[in-house]
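Trainee: Please read through the structure below; I'll follow up with questions.
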Amino acid sequence: MTTPALPARPTARQRAVAERTAKTLGRRRIVNGTMTGVVALAALVTALPLLFILFHLIKQGASSLSLGFFTRMPMPPGEAGGGMANAIVGTLVIIAIACGIGLPIGIGAGLYLAEFRANKLANVVRFLADVLNGLPSIVLGIFAWQFLVKPLGHFSALAGGVALAAMMIPMITRTTEEMVRLVPISLREAAMALGYSRARTAMAVVLRTATAGIVTGVLVAVARIAGETAPLLFTAFGNQFWSLRLDQPIAALPLQIFVYANSPYDDWRRLAWAGSLVLIALVLIISVIARFATRSRTGAGSGD
Amino acid sequence: MAVTMLIGNKHEISASLFAPGYTMASLIANEFSEASGDLHLAALMAVGFVLLVVALVVNAIARWLVWQVGRKAAGPTR
């Protein structure tokens with residue numbers, strides 16, 4: 001502060017400020033410490049439920065988990081040794097249908113929103129995607145029921161997939177948009193300067209650069225729809241038997257867990273615990289696999 | 001669905017937070033697959049519509065809030 005050119009005396013105003021600051025220093029230190037503690041506590045509480053759930057699931061479900069759980073079909077109550085093979089496969093089938101419909105539409109829409117951001121259509125779509133995102137999932141079940149179940153006259157795996165795709169699309173749209181926006185404009189300019197058309201720039205340069213982020217967004221979406229029960233209640237409906245047909249009702253893990261957990265039979269409820277554990281593990285495995293897949297593909301090219 | 005399993009599903013409005021209640025989403029979940037007749041179905045569809053309107057209004061308010069804050073933040077610099 002004391003440079004030779006400037007007189008060291010502070011002005012009256014500076015002195016007043018300094019005095020006030022010194023007076024409130026103790027109080028501000030206390031407030032600072034308290035608030036840091038409160039925020040740290042909030043962070044801890046955020047992580048607690050997951051730990052509790054995992055701990056409880058492993059405690060209750062691991063004992064009912066066996067090889068038969070993955071290979072056997074459901075049994076009537078009272079008969080030991082039932083499994084959920086059809087539900088596990090059914091969940092995978094429904095997720096595949098949802099991805100087949102949801103990925104192209106969601107990523108395409110996200111790309112459009114990012115490339116034409118101030119467009120009137122883009123604004124409307126963005127708003128509607130947010131609304132769809134906040135919609136209770138059961139309403140999407142009604143939608144699929146109205147358009148696929150009622151006209152066809154029966155529940156089907158396809159209807160379940162469509163309901164979940166409708167849930168997935170807004171999530172993927174919004175994350176894709178955010179990720180594409182992060183791609184530096186200079187990359188686009190470079191591609192254009194080389195004579196790429198706008199469409200080819202978007203597909204070959206922008207989307208490719210944003211791949212890692214988009215895949216993460218897709219994983220979050222898949223993880224969320226994998227555990228959804230509500231939209232499947234009256235679309236996929238559940239099935240006690242083995243079925244891979246897309247036009248017939250199909251079993252799904254969340255549905256089976258819902259039915260078993262609400263049942264009065266002890267062995268069914270044990271299976272529900274085991275099913276929940278498998279569902280969580282399934283989500284975990286999907287994300288780990290895809291995380292590795294993207295790392296090996298984009299790792300080499302993403303350095304800038 | 002998590003709520004459906006816990007809330008008690010009782011067709012009653014209670015002043016107590018500890019008494020069983022019902023939510024719109026669980027109402028649809030419980031009754032839709034067993035709905036008898038078009039009137040029952042239409043009523044459940046209406047519940048779904050109300051949920052849609054709620055989501056729409058909440059999102060509109062959120063948009064408006066963001067727009068307001070953005071305008072205020074941009075104001076002094078101009």
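Residues in the structure tokens are named by chain (A, B, ... in the order shown) and by number from 1 within that chain; ligands are numbered from 1 in the order shown.
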Write out as CSV the residues of chain A that have any atom within 9 Å of an atom of chain B, one row each with the nearest atom pair and its distance in Å to one decimal, counting only C-alpha atoms, sorted by chain and then rising number.
Mentor:
residue,atom,partner,partner_atom,distance
A:Phe127,CA,B:Asn59,CA,7.7
A:Leu128,CA,B:Leu56,CA,8.3
A:Asp130,CA,B:Asn59,CA,7.0
A:Val131,CA,B:Leu56,CA,5.6
A:Leu132,CA,B:Ala55,CA,8.0
A:Asn133,CA,B:Ala55,CA,8.9
A:Gly134,CA,B:Ala55,CA,6.0
A:Leu135,CA,B:Ala55,CA,5.8
A:Pro136,CA,B:Ala25,CA,6.9
A:Ser137,CA,B:Ala25,CA,8.4
A:Ile138,CA,B:Ala25,CA,6.3
A:Val139,CA,B:Gly48,CA,5.5
A:Ile142,CA,B:Met45,CA,7.5
A:Glu228,CA,B:Met1,CA,8.3
A:Thr229,CA,B:Met1,CA,6.6
A:Ala230,CA,B:Met1,CA,6.1
A:Pro231,CA,B:Ala29,CA,8.8
A:Leu233,CA,B:Ala29,CA,7.1
A:Phe234,CA,B:Ser33,CA,5.9
A:Phe237,CA,B:Ser33,CA,8.9
A:Phe258,CA,B:Met1,CA,8.4
A:Ala261,CA,B:Met5,CA,8.9
A:Asn262,CA,B:Met5,CA,7.6
Trainee: Of the candidates A:Leu54, A:Leu255, A:Val220, A:Ala114, which shows the shortest atom-to-atom distance to Ile185 in chain A, using only C-alpha atoms?
Mentor: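 Nearest candidate to Ile185 in chain A out of A:Leu54, A:Leu255, A:Val220, A:Ala114: A:Ala114.
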Trainee: Need the shell around Thr216 in chain A: protein/DNA/RNA residues with any atom at most 12 Å away, counting only C-alpha atoms. Skip same-chain ones fewer than 2 positions apart. Format as a PyMOL selection string?
Mentor: chain A and resi 171-172+175-176+178-179+210-214+218-223+286-295
Trainee: CA of Leu44 in chain A to CA of Ala62 in chain A: how many Å, to one decimal?
Mentor: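 Separating CA of Leu44 in chain A from CA of Ala62 in chain A is a distance of 26.3 Å.
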Trainee: Name all residues at most 12 Å from Phe18 in chain B (count only C-alpha atoms; drop same-chain ones fewer than 6 positions away) and give them as a list of chain:residue names.
Mentor: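 Once the nearby chain positions are removed, what remains is B:Leu6, B:Ile7, B:Gly8.
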Trainee: Report as JSON lines: every residue of range 54-144 of chain A with an atom at most 10 Å from range 271-278 of chain A, its closest pair of atoms, and their distance in Å to one decimal, counting only C-alpha atoms, with rows sorted by chain and ascending residue number.
Mentor:
{"residue": "A:Leu54", "atom": "CA", "partner": "A:Leu277", "partner_atom": "CA", "distance": 8.1}
{"residue": "A:His56", "atom": "CA", "partner": "A:Trp273", "partner_atom": "CA", "distance": 9.2}
{"residue": "A:Leu57", "atom": "CA", "partner": "A:Leu277", "partner_atom": "CA", "distance": 5.9}
{"residue": "A:Ile58", "atom": "CA", "partner": "A:Leu277", "partner_atom": "CA", "distance": 6.8}
{"residue": "A:Lys59", "atom": "CA", "partner": "A:Trp273", "partner_atom": "CA", "distance": 9.2}
{"residue": "A:Gln60", "atom": "CA", "partner": "A:Trp273", "partner_atom": "CA", "distance": 6.1}
{"residue": "A:Gly61", "atom": "CA", "partner": "A:Ala274", "partner_atom": "CA", "distance": 4.1}
{"residue": "A:Ala62", "atom": "CA", "partner": "A:Ala274", "partner_atom": "CA", "distance": 6.3}
{"residue": "A:Ser63", "atom": "CA", "partner": "A:Ala274", "partner_atom": "CA", "distance": 7.9}
{"residue": "A:Ser64", "atom": "CA", "partner": "A:Ala274", "partner_atom": "CA", "distance": 5.8}
{"residue": "A:Leu65", "atom": "CA", "partner": "A:Ala274", "partner_atom": "CA", "distance": 5.7}
{"residue": "A:Ser66", "atom": "CA", "partner": "A:Ala274", "partner_atom": "CA", "distance": 9.2}
{"residue": "A:Phe69", "atom": "CA", "partner": "A:Leu271", "partner_atom": "CA", "distance": 8.2}
{"residue": "A:Phe70", "atom": "CA", "partner": "A:Val278", "partner_atom": "CA", "distance": 9.3}
{"residue": "A:Pro74", "atom": "CA", "partner": "A:Leu271", "partner_atom": "CA", "distance": 9.5}
{"residue": "A:Gly81", "atom": "CA", "partner": "A:Leu271", "partner_atom": "CA", "distance": 9.5}
{"residue": "A:Gly82", "atom": "CA", "partner": "A:Leu271", "partner_atom": "CA", "distance": 8.0}
{"residue": "A:Gly83", "atom": "CA", "partner": "A:Leu271", "partner_atom": "CA", "distance": 7.5}
{"residue": "A:Met84", "atom": "CA", "partner": "A:Gly275", "partner_atom": "CA", "distance": 7.5}
{"residue": "A:Ala87", "atom": "CA", "partner": "A:Gly275", "partner_atom": "CA", "distance": 9.2}
{"residue": "A:Ile88", "atom": "CA", "partner": "A:Val278", "partner_atom": "CA", "distance": 8.6}
Trainee: I need the chosen residues saved as a PDB file, in the first residue's frame, with N, CA and C atoms.
Mentor:
ATOM      1  N   LEU A  54     -28.822 -48.715  -0.569  1.00  0.00           N
ATOM      2  CA  LEU A  54     -27.907 -49.777  -0.974  1.00  0.00           C
ATOM      3  C   LEU A  54     -27.680 -50.772   0.160  1.00  0.00           C
ATOM      4  N   HIS A  56     -29.564 -51.393   2.771  1.00  0.00           N
ATOM      5  CA  HIS A  56     -30.770 -52.148   3.082  1.00  0.00           C
ATOM      6  C   HIS A  56     -31.063 -53.188   2.009  1.00  0.00           C
ATOM      7  N   LEU A  57     -30.887 -52.784   0.746  1.00  0.00           N
ATOM      8  CA  LEU A  57     -31.158 -53.703  -0.359  1.00  0.00           C
ATOM      9  C   LEU A  57     -30.249 -54.915  -0.285  1.00  0.00           C
ATOM     10  N   ILE A  58     -28.955 -54.663  -0.035  1.00  0.00           N
ATOM     11  CA  ILE A  58     -28.010 -55.774   0.021  1.00  0.00           C
ATOM     12  C   ILE A  58     -28.344 -56.683   1.202  1.00  0.00           C
ATOM     13  N   LYS A  59     -28.704 -56.063   2.315  1.00  0.00           N
ATOM     14  CA  LYS A  59     -29.033 -56.835   3.509  1.00  0.00           C
ATOM     15  C   LYS A  59     -30.255 -57.725   3.256  1.00  0.00           C
ATOM     16  N   GLN A  60     -31.296 -57.151   2.629  1.00  0.00           N
ATOM     17  CA  GLN A  60     -32.550 -57.892   2.459  1.00  0.00           C
ATOM     18  C   GLN A  60     -32.549 -58.767   1.212  1.00  0.00           C
ATOM     19  N   GLY A  61     -31.868 -58.286   0.163  1.00  0.00           N
ATOM     20  CA  GLY A  61     -32.018 -58.953  -1.123  1.00  0.00           C
ATOM     21  C   GLY A  61     -30.962 -59.998  -1.421  1.00  0.00           C
ATOM     22  N   ALA A  62     -29.757 -59.788  -0.885  1.00  0.00           N
ATOM     23  CA  ALA A  62     -28.656 -60.670  -1.279  1.00  0.00           C
ATOM     24  C   ALA A  62     -28.932 -62.120  -0.918  1.00  0.00           C
ATOM     25  N   SER A  63     -29.654 -62.356   0.197  1.00  0.00           N
ATOM     26  CA  SER A  63     -29.890 -63.733   0.624  1.00  0.00           C
ATOM     27  C   SER A  63     -30.834 -64.462  -0.336  1.00  0.00           C
ATOM     28  N   SER A  64     -31.719 -63.721  -1.018  1.00  0.00           N
ATOM     29  CA  SER A  64     -32.659 -64.365  -1.935  1.00  0.00           C
ATOM     30  C   SER A  64     -32.087 -64.488  -3.337  1.00  0.00           C
ATOM     31  N   LEU A  65     -30.906 -63.937  -3.501  1.00  0.00           N
ATOM     32  CA  LEU A  65     -30.316 -63.936  -4.831  1.00  0.00           C
ATOM     33  C   LEU A  65     -29.589 -65.259  -5.084  1.00  0.00           C
ATOM     34  N   SER A  66     -29.932 -65.905  -6.183  1.00  0.00           N
ATOM     35  CA  SER A  66     -29.238 -67.139  -6.532  1.00  0.00           C
ATOM     36  C   SER A  66     -29.225 -67.244  -8.050  1.00  0.00           C
ATOM     37  N   PHE A  69     -32.622 -67.279  -9.615  1.00  0.00           N
ATOM     38  CA  PHE A  69     -33.347 -66.021  -9.759  1.00  0.00           C
ATOM     39  C   PHE A  69     -33.242 -65.497 -11.187  1.00  0.00           C
ATOM     40  N   PHE A  70     -32.081 -65.732 -11.814  1.00  0.00           N
ATOM     41  CA  PHE A  70     -31.879 -65.203 -13.159  1.00  0.00           C
ATOM     42  C   PHE A  70     -32.371 -66.148 -14.250  1.00  0.00           C
ATOM     43  N   PRO A  74     -41.273 -67.067 -12.776  1.00  0.00           N
ATOM     44  CA  PRO A  74     -42.000 -66.828 -11.521  1.00  0.00           C
ATOM     45  C   PRO A  74     -42.798 -68.057 -11.109  1.00  0.00           C
ATOM     46  N   GLY A  81     -38.263 -71.092  -4.824  1.00  0.00           N
ATOM     47  CA  GLY A  81     -37.373 -71.252  -5.976  1.00  0.00           C
ATOM     48  C   GLY A  81     -37.806 -70.525  -7.220  1.00  0.00           C
ATOM     49  N   GLY A  82     -38.715 -69.560  -7.078  1.00  0.00           N
ATOM     50  CA  GLY A  82     -39.113 -68.793  -8.256  1.00  0.00           C
ATOM     51  C   GLY A  82     -38.025 -67.820  -8.647  1.00  0.00           C
ATOM     52  N   GLY A  83     -38.058 -67.368  -9.918  1.00  0.00           N
ATOM     53  CA  GLY A  83     -37.086 -66.395 -10.385  1.00  0.00           C
ATOM     54  C   GLY A  83     -37.762 -65.300 -11.178  1.00  0.00           C
ATOM     55  N   MET A  84     -36.967 -64.475 -11.784  1.00  0.00           N
ATOM     56  CA  MET A  84     -37.519 -63.359 -12.559  1.00  0.00           C
ATOM     57  C   MET A  84     -36.889 -63.293 -13.944  1.00  0.00           C
ATOM     58  N   ALA A  87     -38.818 -61.262 -16.424  1.00  0.00           N
ATOM     59  CA  ALA A  87     -38.884 -59.826 -16.131  1.00  0.00           C
ATOM     60  C   ALA A  87     -37.578 -59.128 -16.501  1.00  0.00           C
ATOM     61  N   ILE A  88     -36.457 -59.805 -16.237  1.00  0.00           N
ATOM     62  CA  ILE A  88     -35.162 -59.203 -16.564  1.00  0.00           C
ATOM     63  C   ILE A  88     -35.044 -59.008 -18.076  1.00  0.00           C
TER      64      ILE A  88
END
Trainee: Can you work out the spacing between CA of Ala163 in chain A and CA of Ile257 in chain A in Å, to one decimal?
Mentor: 19.0 Å
